[in-house]
Structure formats: structure tokens, C-alpha cells
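J.: Dropping in upload.tsv, with TSV, C-alpha atoms (C1' of nucleotides).
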```tsv
chain	number	residue	atom	x	y	z
A	18	MET	CA	130.65	89.16	135.78
A	19	SER	CA	128.26	86.22	135.76
A	20	ASP	CA	124.56	86.46	135.13
A	21	LEU	CA	123.81	85.71	138.75
A	22	THR	CA	126.10	88.46	139.92
A	23	ALA	CA	124.34	90.92	137.64
A	24	LEU	CA	120.99	89.68	138.89
A	25	LEU	CA	121.92	90.14	142.53
A	26	ARG	CA	123.42	93.58	141.92
A	27	SER	CA	120.29	94.70	140.09
A	28	LYS	CA	118.36	93.94	143.25
A	29	GLY	CA	120.76	95.86	145.41
A	30	LEU	CA	122.38	92.81	146.96
A	31	ARG	CA	126.07	92.08	147.03
A	32	SER	CA	127.08	89.10	144.95
A	33	THR	CA	128.46	86.49	147.28
A	34	PRO	CA	129.40	82.88	146.49
A	35	HIS	CA	126.69	81.57	148.80
A	36	ARG	CA	123.94	83.65	147.27
A	37	ARG	CA	124.97	82.58	143.79
A	38	ALA	CA	125.15	78.97	144.93
A	39	VAL	CA	121.65	79.10	146.41
A	40	LEU	CA	120.22	80.62	143.25
A	41	HIS	CA	121.97	77.99	141.20
A	42	ALA	CA	120.71	75.20	143.45
A	43	LEU	CA	117.12	76.46	143.23
A	44	ALA	CA	117.35	76.72	139.46
A	45	GLU	CA	118.09	73.02	139.33
A	46	ASN	CA	115.80	71.85	142.13
A	47	PRO	CA	112.44	73.54	142.42
A	48	HIS	CA	110.34	73.14	145.58
A	49	VAL	CA	113.05	72.11	147.99
A	50	THR	CA	113.31	72.51	151.74
A	51	ALA	CA	115.97	74.60	153.42
A	52	VAL	CA	117.83	71.41	154.31
A	53	GLU	CA	117.82	70.31	150.68
A	54	VAL	CA	119.09	73.69	149.57
A	55	ALA	CA	121.93	73.32	152.03
A	56	ALA	CA	122.72	69.87	150.63
A	57	ALA	CA	122.68	71.16	147.06
A	58	VAL	CA	124.99	74.01	148.01
A	59	GLY	CA	127.25	71.47	149.68
A	60	GLU	CA	127.40	69.52	146.42
A	61	GLN	CA	128.75	72.55	144.63
A	62	ALA	CA	131.46	72.67	147.27
A	63	SER	CA	133.15	69.73	145.63
A	64	GLY	CA	132.78	70.88	142.06
A	65	PRO	CA	134.58	73.68	140.26
A	66	GLY	CA	134.11	77.17	141.61
A	67	ALA	CA	134.06	75.59	145.04
A	68	VAL	CA	131.71	77.01	147.61
A	69	SER	CA	132.23	76.37	151.26
A	70	GLU	CA	129.23	74.96	153.07
A	71	LEU	CA	127.19	77.59	154.76
A	72	SER	CA	125.84	77.57	158.25
A	73	ARG	CA	122.20	77.10	159.01
A	74	GLN	CA	121.87	80.73	159.98
A	75	GLY	CA	123.65	81.78	156.82
A	76	LEU	CA	121.29	79.69	154.75
A	77	TYR	CA	118.20	81.26	156.27
A	78	ASN	CA	119.72	84.71	155.90
A	79	VAL	CA	120.40	84.13	152.22
A	80	LEU	CA	116.95	82.72	151.58
A	81	GLU	CA	115.30	85.60	153.40
A	82	ASP	CA	117.38	88.17	151.53
A	83	LEU	CA	116.50	86.61	148.19
A	84	ARG	CA	112.86	86.37	149.15
A	85	ARG	CA	112.75	90.00	150.22
A	86	VAL	CA	114.00	91.27	146.87
A	87	GLY	CA	111.65	88.98	144.98
A	88	LEU	CA	114.10	86.45	143.56
A	89	VAL	CA	112.73	83.59	145.62
A	90	ARG	CA	109.25	82.47	146.65
A	91	SER	CA	108.40	80.14	149.47
A	92	ILE	CA	105.38	77.97	150.10
A	93	GLU	CA	104.38	75.96	153.14
A	94	PRO	CA	102.08	73.08	152.27
A	95	ALA	CA	100.35	71.72	155.35
A	96	GLY	CA	102.42	69.04	157.01
A	97	SER	CA	105.66	69.92	155.29
A	98	ALA	CA	108.52	72.28	155.91
A	99	THR	CA	108.84	75.52	153.99
A	100	LEU	CA	109.68	74.91	150.33
A	101	PHE	CA	111.63	77.38	148.22
A	102	GLU	CA	111.58	78.04	144.50
A	103	LEU	CA	112.83	80.71	142.15
A	104	GLN	CA	110.38	83.51	141.55
A	105	HIS	CA	109.61	83.82	137.89
A	106	GLY	CA	107.37	86.57	136.65
A	107	ASP	CA	104.32	84.33	136.58
A	108	ASN	CA	101.70	83.91	139.23
A	109	HIS	CA	101.36	80.19	139.51
A	110	HIS	CA	99.92	77.90	142.15
A	111	HIS	CA	100.81	74.42	143.31
A	112	ALA	CA	99.52	70.87	143.29
A	113	VAL	CA	100.73	68.63	146.09
A	114	CYS	CA	100.69	64.84	145.96
A	115	ARG	CA	99.25	63.34	149.14
A	116	SER	CA	101.17	60.16	148.55
A	117	CYS	CA	104.73	61.17	147.75
A	118	GLY	CA	104.67	64.86	148.62
A	119	ALA	CA	105.79	65.96	145.19
A	120	VAL	CA	104.92	69.54	144.31
A	121	GLN	CA	104.02	70.62	140.82
A	122	ASP	CA	103.50	74.10	139.41
A	123	VAL	CA	100.07	74.99	138.12
A	124	PRO	CA	99.75	78.04	135.91
A	125	CYS	CA	97.16	80.46	137.17
A	126	SER	CA	94.25	80.12	134.80
A	127	VAL	CA	92.18	83.03	136.01
A	128	GLY	CA	94.49	85.97	135.43
A	129	SER	CA	96.93	88.00	137.44
A	130	ALA	CA	97.06	88.15	141.22
A	131	PRO	CA	94.85	88.09	143.09
A	132	CYS	CA	93.54	85.59	140.64
A	133	LEU	CA	90.32	84.91	142.49
A	134	ASP	CA	87.75	87.42	143.54
A	135	ALA	CA	88.40	88.75	146.97
A	136	PRO	CA	85.84	87.69	149.51
A	137	GLY	CA	83.32	90.48	149.89
A	138	THR	CA	82.70	89.36	153.44
A	139	GLY	CA	83.01	91.89	156.17
A	140	GLY	CA	85.46	94.40	154.78
A	141	PHE	CA	88.39	92.04	154.37
A	142	VAL	CA	90.87	93.49	151.85
A	143	ALA	CA	92.67	90.69	150.03
A	144	ASP	CA	95.90	91.25	148.16
A	145	GLU	CA	96.73	87.68	147.29
A	146	ALA	CA	94.93	84.41	146.71
A	147	GLU	CA	96.89	81.25	147.30
A	148	VAL	CA	95.61	77.99	145.89
A	149	VAL	CA	96.81	74.49	146.65
A	150	TRP	CA	95.40	71.43	144.98
A	151	TRP	CA	95.69	68.16	146.87
A	152	GLY	CA	95.56	64.78	145.19
A	153	ARG	CA	97.78	62.26	143.47
A	154	CYS	CA	100.56	63.00	141.09
A	155	ALA	CA	100.60	61.12	137.79
A	156	ALA	CA	103.12	58.55	139.02
A	157	CYS	CA	101.31	57.78	142.27
A	158	ALA	CA	97.90	57.66	140.59
A	159	ALA	CA	99.25	55.18	138.05
A	160	ALA	CA	100.75	53.05	140.81
A	161	GLY	CA	97.42	53.04	142.64
A	162	ARG	CA	98.78	54.65	145.79
B	60	MET	CA	73.01	61.35	177.07
B	61	SER	CA	74.19	64.70	175.79
B	62	ASP	CA	74.20	65.78	172.19
B	63	LEU	CA	77.97	65.55	172.05
B	64	THR	CA	77.92	62.02	173.36
B	65	ALA	CA	75.43	61.03	170.68
B	66	LEU	CA	77.55	62.75	168.06
B	67	LEU	CA	80.70	60.91	169.10
B	68	ARG	CA	78.92	57.58	169.28
B	69	SER	CA	77.48	58.08	165.82
B	70	LYS	CA	81.02	58.34	164.53
B	71	GLY	CA	82.12	55.23	166.35
B	72	LEU	CA	84.10	57.04	169.02
B	73	ARG	CA	83.71	56.60	172.74
B	74	SER	CA	82.31	59.59	174.53
B	75	THR	CA	84.96	60.80	176.94
B	76	PRO	CA	85.04	64.03	178.94
B	77	HIS	CA	88.05	65.29	177.04
B	78	ARG	CA	86.57	64.70	173.64
B	79	ARG	CA	83.36	66.45	174.65
B	80	ALA	CA	85.38	69.31	176.13
B	81	VAL	CA	87.40	69.73	172.93
B	82	LEU	CA	84.27	69.77	170.79
B	83	HIS	CA	82.71	72.29	173.13
B	84	ALA	CA	85.82	74.47	173.09
B	85	LEU	CA	85.97	74.45	169.28
B	86	ALA	CA	82.29	75.35	169.05
B	87	GLU	CA	83.02	78.53	170.98
B	88	ASN	CA	86.43	79.36	169.50
B	89	PRO	CA	86.89	78.75	165.80
B	90	HIS	CA	90.38	78.70	164.25
B	91	VAL	CA	92.41	78.07	167.36
B	92	THR	CA	95.78	76.42	167.80
B	93	ALA	CA	96.27	73.21	169.75
B	94	VAL	CA	97.63	75.26	172.64
B	95	GLU	CA	94.53	77.43	172.70
B	96	VAL	CA	92.31	74.37	172.63
B	97	ALA	CA	94.18	73.08	175.64
B	98	ALA	CA	93.65	76.40	177.41
B	99	ALA	CA	89.94	76.39	176.61
B	100	VAL	CA	89.63	72.85	177.90
B	101	GLY	CA	91.47	73.94	181.02
B	102	GLU	CA	88.89	76.70	181.54
B	103	GLN	CA	86.16	74.13	181.65
B	104	ALA	CA	88.12	72.38	184.35
B	105	SER	CA	87.03	75.06	186.80
B	106	GLY	CA	83.41	75.20	185.73
B	107	PRO	CA	80.62	72.69	186.31
B	108	GLY	CA	81.10	69.25	184.80
B	109	ALA	CA	84.75	69.66	185.63
B	110	VAL	CA	87.26	68.28	183.17
B	111	SER	CA	90.80	67.58	184.20
B	112	GLU	CA	93.40	69.18	182.00
B	113	LEU	CA	94.64	66.89	179.32
B	114	SER	CA	98.21	66.20	178.35
B	115	ARG	CA	99.76	67.46	175.18
B	116	GLN	CA	99.78	63.99	173.72
B	117	GLY	CA	96.18	63.45	174.76
B	118	LEU	CA	95.20	66.67	173.07
B	119	TYR	CA	96.80	65.69	169.78
B	120	ASN	CA	95.23	62.26	170.01
B	121	VAL	CA	91.77	63.72	170.54
B	122	LEU	CA	92.18	66.23	167.73
B	123	GLU	CA	93.44	63.56	165.37
B	124	ASP	CA	90.58	61.21	166.30
B	125	LEU	CA	88.01	63.92	165.70
B	126	ARG	CA	89.68	64.92	162.46
B	127	ARG	CA	89.72	61.36	161.22
B	128	VAL	CA	85.97	60.90	161.67
B	129	GLY	CA	85.25	64.26	160.07
B	130	LEU	CA	84.13	66.27	163.10
B	131	VAL	CA	87.11	68.58	162.97
B	132	ARG	CA	89.03	70.29	160.19
B	133	SER	CA	92.49	71.73	160.43
B	134	ILE	CA	94.28	74.37	158.41
B	135	GLU	CA	97.90	75.46	158.44
B	136	PRO	CA	98.36	79.00	157.19
B	137	ALA	CA	102.00	79.67	156.34
B	138	GLY	CA	103.89	80.93	159.34
B	139	SER	CA	101.36	79.80	161.91
B	140	ALA	CA	100.71	76.63	163.84
B	141	THR	CA	97.93	74.27	162.84
B	142	LEU	CA	94.50	75.78	163.48
B	143	PHE	CA	91.46	73.67	164.28
B	144	GLU	CA	87.78	74.28	163.66
B	145	LEU	CA	84.61	72.25	163.70
B	146	GLN	CA	83.77	70.65	160.40
B	147	HIS	CA	80.36	71.77	159.24
B	148	GLY	CA	78.89	70.37	156.08
B	149	ASP	CA	80.00	73.29	154.00
B	150	ASN	CA	83.14	73.61	151.95
B	151	HIS	CA	84.47	76.99	152.91
B	152	HIS	CA	87.89	78.60	152.59
B	153	HIS	CA	89.78	81.10	154.69
B	154	ALA	CA	91.01	84.68	154.68
B	155	VAL	CA	94.03	85.41	156.85
B	156	CYS	CA	94.98	88.88	158.05
B	157	ARG	CA	98.67	89.59	157.53
B	158	SER	CA	98.62	92.10	160.33
B	159	CYS	CA	96.85	90.43	163.25
B	160	GLY	CA	96.67	86.84	162.04
B	161	ALA	CA	92.89	86.66	162.38
B	162	VAL	CA	91.26	83.98	160.28
B	163	GLN	CA	87.87	84.41	158.72
B	164	ASP	CA	85.67	81.91	156.94
B	165	VAL	CA	84.88	82.51	153.29
B	166	PRO	CA	82.01	80.57	151.77
B	167	CYS	CA	83.03	78.71	148.66
B	168	SER	CA	81.46	80.61	145.81
B	169	VAL	CA	82.22	78.22	143.02
B	170	GLY	CA	80.42	75.08	144.07
B	171	SER	CA	81.23	71.93	145.92
B	172	ALA	CA	84.70	70.50	146.42
B	173	PRO	CA	86.93	70.58	144.56
B	174	CYS	CA	85.57	74.01	143.90
B	175	LEU	CA	88.15	74.91	141.31
B	176	ASP	CA	88.96	73.04	138.19
B	177	ALA	CA	91.65	70.49	138.74
B	178	PRO	CA	94.85	71.30	136.94
B	179	GLY	CA	94.92	69.36	133.72
B	180	THR	CA	98.68	69.38	133.85
B	181	GLY	CA	100.51	66.11	133.57
B	182	GLY	CA	97.97	63.64	134.89
B	183	PHE	CA	97.65	65.06	138.37
B	184	VAL	CA	94.40	63.90	139.96
B	185	ALA	CA	93.11	66.52	142.39
B	186	ASP	CA	90.55	65.72	145.04
B	187	GLU	CA	90.58	69.01	146.90
B	188	ALA	CA	91.32	72.64	146.24
B	189	GLU	CA	92.38	74.74	149.16
B	190	VAL	CA	92.24	78.50	148.90
B	191	VAL	CA	93.70	81.06	151.27
B	192	TRP	CA	93.28	84.78	150.81
B	193	TRP	CA	95.93	87.01	152.35
B	194	GLY	CA	95.29	90.63	153.19
B	195	ARG	CA	93.95	92.85	155.95
B	196	CYS	CA	90.95	92.17	158.06
B	197	ALA	CA	88.36	94.94	158.39
B	198	ALA	CA	89.73	96.13	161.73
B	199	CYS	CA	93.36	96.27	160.63
B	200	ALA	CA	92.50	97.90	157.31
B	201	ALA	CA	90.54	100.59	159.13
B	202	ALA	CA	93.44	101.15	161.53
B	203	GLY	CA	95.82	101.51	158.59
B	204	ARG	CA	98.02	98.62	159.67
C	84	DC	C1'	80.27	43.67	188.31
C	85	DC	C1'	84.20	42.69	185.40
C	86	DC	C1'	86.87	42.29	181.58
C	87	DT	C1'	89.09	44.11	177.49
C	88	DA	C1'	89.81	47.17	174.01
C	89	DC	C1'	90.22	51.78	173.77
C	90	DA	C1'	91.82	56.14	175.81
C	91	DT	C1'	95.21	58.86	178.32
C	92	DT	C1'	99.53	60.14	180.63
C	93	DT	C1'	104.40	60.79	181.07
C	94	DG	C1'	108.73	61.97	179.50
C	95	DA	C1'	112.16	61.87	176.12
C	96	DC	C1'	113.01	63.19	171.53
C	97	DT	C1'	113.05	65.31	166.55
C	98	DG	C1'	112.78	68.74	163.05
C	99	DT	C1'	112.50	73.33	161.73
C	100	DG	C1'	113.42	77.69	162.47
C	101	DT	C1'	115.00	82.02	165.44
C	102	DC	C1'	117.97	84.91	168.58
C	103	DC	C1'	122.21	86.73	169.92
C	104	DA	C1'	126.95	88.04	170.12
C	105	DA	C1'	131.27	87.73	168.11
C	106	DC	C1'	133.96	87.40	164.06
C	107	DT	C1'	135.32	88.18	159.00
C	108	DA	C1'	135.19	89.93	154.38
C	109	DT	C1'	134.04	93.54	151.12
C	110	DG	C1'	134.30	97.63	148.66
C	111	DA	C1'	133.88	102.84	148.41
C	112	DG	C1'	136.23	106.85	149.50
C	113	DA	C1'	140.52	109.16	151.04
D	136	DT	C1'	146.72	101.24	148.28
D	137	DC	C1'	144.84	101.80	152.91
D	138	DT	C1'	141.10	102.22	156.10
D	139	DC	C1'	136.98	101.49	158.18
D	140	DA	C1'	132.02	101.28	158.22
D	141	DT	C1'	128.84	98.13	156.60
D	142	DA	C1'	127.36	93.76	155.08
D	143	DG	C1'	127.80	89.09	155.57
D	144	DT	C1'	128.87	84.80	158.27
D	145	DT	C1'	129.39	81.69	162.10
D	146	DG	C1'	128.41	78.82	166.24
D	147	DG	C1'	125.79	77.90	170.06
D	148	DA	C1'	121.79	78.21	172.74
D	149	DC	C1'	117.09	78.29	172.47
D	150	DA	C1'	111.90	78.06	171.30
D	151	DC	C1'	108.07	75.89	169.42
D	152	DA	C1'	105.10	72.37	167.46
D	153	DG	C1'	104.54	68.00	167.05
D	154	DT	C1'	105.79	62.69	167.52
D	155	DC	C1'	107.14	58.13	169.65
D	156	DA	C1'	106.98	54.45	172.93
D	157	DA	C1'	105.60	52.34	176.96
D	158	DA	C1'	103.07	52.37	181.23
D	159	DT	C1'	98.55	53.34	183.32
D	160	DG	C1'	93.62	54.35	183.52
D	161	DT	C1'	88.72	53.87	182.13
D	162	DA	C1'	84.27	53.33	179.22
D	163	DG	C1'	80.91	50.46	178.31
D	164	DG	C1'	79.44	45.77	176.41
D	165	DG	C1'	78.76	41.22	178.27
```
Can you turn what I pasted into C-alpha cells?

T.:
Amino acid sequence: MSDLTALLRSKGLRSTPHRRAVLHALAENPHVTAVEVAAAVGEQASGPGAVSELSRQGLYNVLEDLRRVGLVRSIEPAGSATLFELQHGDNHHHAVCRSCGAVQDVPCSVGSAPCLDAPGTGGFVADEAEVVWWGRCAACAAAGR
Amino acid sequence: MSDLTALLRSKGLRSTPHRRAVLHALAENPHVTAVEVAAAVGEQASGPGAVSELSRQGLYNVLEDLRRVGLVRSIEPAGSATLFELQHGDNHHHAVCRSCGAVQDVPCSVGSAPCLDAPGTGGFVADEAEVVWWGRCAACAAAGR
DNA sequence: CCCTACATTTGACTGTGTCCAACTATGAGA
DNA sequence: TCTCATAGTTGGACACAGTCAAATGTAGGG
């Protein structure tokens, strides 16, 4: 039984080729859109342990299932489609390049979630603080873009 | 010449009925979607100083023009359409209710933008930090939603 | 008053994601 | 090993937000 199978079972999900393929694809490509996940899964279709392509609906089902059990996180930077990444134990944030759109993980420097004080204003009860830094990635900054 | 006309002129934009109507609508309704802006502008169509409804394209053009000159800010909370609000001088963030979707302003407590230290990681040059708190608004928390 | 650059409209189109109903595979218990 | 309920998958239609391109209208300086 592969690691991925064990992982899925431990979360109460059946181990299916598509779910394993999506997890594998996300392990290799962080911060990808649903379309890119589909493409990566398609790649594996040609390799060993062949996986048939999965339908759009199937893809969203898999991603939602994995998200629900905490194996996958998604972010939606303004102006871009939903991006998916594996959920590690950490509570990190993201830096998005305005020029090329690249997304980079940023370790949370203030502690565990919510890692910023909740706004005291008006009785709002916060359970999560999401931070996105906007700017230029190293490559784009160097190229003067 | 109205205040709004003067404001638009000062930013180098022509003063048109639609632009004034959009500014007026945003002054009364913060954090609204493009569709809601259109509806609010439509309301004014029946009142005095009648404004004809504006097309979808016209609406996006107006919003983009106003955004470009700094009169309007937009935010895109995950799972919702772009929300627009007037740009005041301050650098505030937002708290979004998971239950009813209400958005509330949160004054930036850490200073001026970027109000959080830029990530030192890998040469990324940040020019803005965007923070969103997720949780329950006062009303929803009280109602146990 | 009249021109011209700027503003607006119209309608088709794209990308991303959801809904629904039918179909197929899986695996736990008999 | 068989059966069947449940979980998973598929395809097609659809909804929503936003964009593109080209034709038309208008604000405001001369």
C-alpha cells in the first residue's frame, strides 16, 4: 500500500488513482490552478501507473474532498483563479508577484493562527487571518519589470 | 460645479453623470459588487438629476478609471466577486463574515503601508500587505451561526 | 458653436466553476 | 465468491463575472 493510499485512508477517504494522482501533482507543483492540476494529472496518464484523465467535475470533486479533510489548501489571489497547494502543518502566507504572478510561501512570523490580533472592532470574532504580500519576485525585480 | 465634478477634474478625469453617480453610490454603499453598483446607479435614474442606466461595459470602465486615479479601491475576498469601496486616505484592511459575507473595515494597527514587514525570503520586494480576517460578524456570532 | 479626444454602448465571447442526472466501480458483509 | 448499497465518475448544460472590439455619443476647450 503506497504512502498516499495510507494518507487518504487515514482521512477516511477511499484511495483512488485520481486522488493519488492529484496529491502527487500538487507535491510537485505548488500553487497551481485547477486547469494546471488537470494537465499534471494528464501527464501521469502517459507514464507508468497510468491514470486516465479525469473530467472537470471529477477534478473539482477530488480537490474539494482533499480540501475538506485538510490535505489541500486553496488560495484566491485577486485577479487569478483559485490556486491549490498541499496543506502542510504550518500556517504560512503568500507573496504574489504583480509582474509574473508567481506565488511564494512566506512562513508566518507572528505565531500560530490567527497570527494577527483579531480586530476588536464591533464584536467581530475572527478565526483566521490571511495575509498576502504584493510586489515583485526576485527574478522580476532583477529584470526591472 | 459640484464637489464630485471638482474631484474628478482634479484627477484629470472628465466629469460625467455616470462617474458622479458611481461615486455617489459608493459613498452610500461600501463594499459592493459591480452588479450592486449598477443597481444603485439605476436607483438614481428615477430620482432628481436623473442618470440613465449604464451598460455593463460602461460600469467596468468607470470603475477601472476611478480605481486608476485612486478614488476607488477594490478587494476580492475568496469566493466572492470583486467588491468596490471609496478610497480614503487611510490604509485599512477587512474582516469578512463567513456566515453572511458582510465586510467590515479594520483600521491598520501597525502603521502605514506596507503595514507588515516584507518577507525577507528570496529577494521578494513587497510594496503592499493585504490582510483579511475571516470569522463571524457580531450579528452572526450572536445568532450562533 | 464646433471639433476632437474621450466616454459609452452593444453584443459576442472567454474562463472558471457549479448543477444535475445517469452511469460505473468498490469493498464489506452474507 | 456474490451482491448490493455507497462512493466515485462522467458529460452536458448552465451561471456568473469579467473582457474585447467596433460603432456611436458627448464633454468641454478653442

J.: May I ask you to extract the residues of chain C within 10 Å of chain B, using all atoms listed in the file, and to give them as an MDAnalysis selection string?

T.: chainID C and resid 89:93

J.: Between CA of Ala65 (chain B) and CA of Asp124 (chain B), what is the spacing in Å?

T.: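 Spanning CA of Asp124 (chain B) to CA of Ala65 (chain B) is a straight-line distance of 15.8 Å.
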
J.: Give me, please, the distance in Å between CA of Cys196 (chain B) and CA of Phe141 (chain A), quoted to one decimal.

T.: 4.5 Å

J.: So what do you get for CA of Glu87 (chain B) versus CA of Asn150 (chain B), distance-wise?

T.: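 Pair CA of Glu87 (chain B) / CA of Asn150 (chain B) returns 19.7 Å.
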
J.: Determine the nearest neighbour of Ser69 (chain B) from the options B:Gly148, B:Gly129, B:Gly203, B:Pro166, counting only C-alpha atoms.

T.: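 With only C-alpha atoms as the atom set, the closest residue is B:Gly129.
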
J.: Find the residues near Ser32 (chain A): any atom within 9 Å, counting only C-alpha atoms (C1' of nucleotides), skip ones fewer than 4 places away on the same chain, and give them as a PyMOL selection string.

T.: chain A and resi 21-26+36-37

J.: If you keep C-alpha atoms, can you produce a file of those selected residues as a PDB file, keeping the file's coordinate frame?

T.:
```pdb
ATOM      1  CA  LEU A  21     123.810  85.710 138.750  1.00  0.00           C
ATOM      2  CA  THR A  22     126.100  88.460 139.920  1.00  0.00           C
ATOM      3  CA  ALA A  23     124.340  90.920 137.640  1.00  0.00           C
ATOM      4  CA  LEU A  24     120.990  89.680 138.890  1.00  0.00           C
ATOM      5  CA  LEU A  25     121.920  90.140 142.530  1.00  0.00           C
ATOM      6  CA  ARG A  26     123.420  93.580 141.920  1.00  0.00           C
ATOM      7  CA  ARG A  36     123.940  83.650 147.270  1.00  0.00           C
ATOM      8  CA  ARG A  37     124.970  82.580 143.790  1.00  0.00           C
TER       9      ARG A  37
END
```

J.: Using all atoms listed in the file, which residues of chain A come within 12 Å of chain B, and what is the closest atom pair for each, with the distance in Å to one decimal? Give it as CSV, sorted by chain and residue number.

T.:
```
residue,atom,partner,partner_atom,distance
A:Ser91,CA,B:Ala137,CA,9.4
A:Ile92,CA,B:Ala137,CA,7.3
A:Glu93,CA,B:Ala137,CA,5.4
A:Pro94,CA,B:Ala137,CA,7.7
A:Ala95,CA,B:Glu135,CA,5.4
A:Gly96,CA,B:Glu135,CA,8.0
A:Ser97,CA,B:Glu135,CA,10.0
A:Ala98,CA,B:Ala137,CA,9.9
A:Thr99,CA,B:Ala137,CA,8.3
A:Leu100,CA,B:Ala137,CA,10.9
A:His109,CA,B:Pro178,CA,11.3
A:His110,CA,B:Pro178,CA,9.8
A:His111,CA,B:Pro178,CA,9.3
A:Ala112,CA,B:Ala185,CA,7.8
A:Val113,CA,B:Ala185,CA,8.7
A:Cys114,CA,B:Phe183,CA,8.2
A:Arg115,CA,B:Ala185,CA,9.7
A:Ser116,CA,B:Val184,CA,11.6
A:Ala119,CA,B:Phe183,CA,10.7
A:Val120,CA,B:Phe183,CA,10.4
A:Gln121,CA,B:Phe183,CA,8.8
A:Asp122,CA,B:Thr180,CA,8.7
A:Val123,CA,B:Pro178,CA,6.5
A:Pro124,CA,B:Pro178,CA,8.4
A:Cys125,CA,B:Pro178,CA,9.4
A:Ser126,CA,B:Pro178,CA,9.1
A:Val127,CA,B:Leu175,CA,10.5
A:Ala130,CA,B:Trp192,CA,10.8
A:Pro131,CA,B:Trp192,CA,8.5
A:Cys132,CA,B:Trp192,CA,10.2
A:Leu133,CA,B:Trp192,CA,8.8
A:Asp134,CA,B:Trp192,CA,9.5
A:Ala135,CA,B:Trp192,CA,7.4
A:Pro136,CA,B:Val165,CA,6.5
A:Gly137,CA,B:Val165,CA,8.8
A:Thr138,CA,B:Val165,CA,7.2
A:Gly139,CA,B:Ala197,CA,6.5
A:Gly140,CA,B:Ala197,CA,4.7
A:Phe141,CA,B:Cys196,CA,4.5
A:Val142,CA,B:Arg195,CA,5.2
A:Ala143,CA,B:Gly194,CA,4.1
A:Asp144,CA,B:Gly194,CA,5.1
A:Glu145,CA,B:Trp193,CA,5.2
A:Ala146,CA,B:Trp192,CA,4.4
A:Glu147,CA,B:Val191,CA,5.1
A:Val148,CA,B:Val190,CA,4.5
A:Val149,CA,B:Glu189,CA,5.1
A:Trp150,CA,B:Ala188,CA,4.4
A:Trp151,CA,B:Glu187,CA,5.2
A:Gly152,CA,B:Ala185,CA,4.1
A:Arg153,CA,B:Val184,CA,5.1
A:Cys154,CA,B:Phe183,CA,4.5
A:Ala155,CA,B:Gly182,CA,4.7
A:Ala156,CA,B:Gly182,CA,8.3
A:Cys157,CA,B:Phe183,CA,9.0
A:Ala158,CA,B:Val184,CA,7.2
A:Ala159,CA,B:Gly182,CA,9.1
A:Gly161,CA,B:Val184,CA,11.6
A:Arg162,CA,B:Val184,CA,11.8
```

J.: Extract, using all atoms listed in the file, all DNA, RNA and protein residues at most 8 Å from region 97-113 of chain C, discarding same-chain residues fewer than 6 positions from it, and format them as a list in words.

T.: Ala98 of chain A; DA142, DG143, DT144, DT145, DC149, DA150 and DT154 of chain D

J.: May I have the residues from that selection written out with C-alpha atoms (C1' of nucleotides), as a PDB file, keeping the file's coordinate frame?

T.:
```pdb
ATOM      1  CA  ALA A  98     108.520  72.280 155.910  1.00  0.00           C
TER       2      ALA A  98
ATOM      3  C1'  DA D 142     127.360  93.760 155.080  1.00  0.00           C
ATOM      4  C1'  DG D 143     127.800  89.090 155.570  1.00  0.00           C
ATOM      5  C1'  DT D 144     128.870  84.800 158.270  1.00  0.00           C
ATOM      6  C1'  DT D 145     129.390  81.690 162.100  1.00  0.00           C
ATOM      7  C1'  DC D 149     117.090  78.290 172.470  1.00  0.00           C
ATOM      8  C1'  DA D 150     111.900  78.060 171.300  1.00  0.00           C
ATOM      9  C1'  DT D 154     105.790  62.690 167.520  1.00  0.00           C
TER      10       DT D 154
END
```

J.: Considering all atoms listed in the file, state which residue in the set A:Ala44, A:Gln104, A:Glu70, A:Glu53 is at the smallest distance from chain D.

T.: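 Nearest candidate to chain D out of A:Ala44, A:Gln104, A:Glu70, A:Glu53: A:Glu70.
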
J.: Got a sec to pull out which chain D residues are within 9 Å of chain B, counting only C-alpha atoms (C1' of nucleotides), and send them as an NGL selection string?

T.: :D and (152-154 or 162-163)
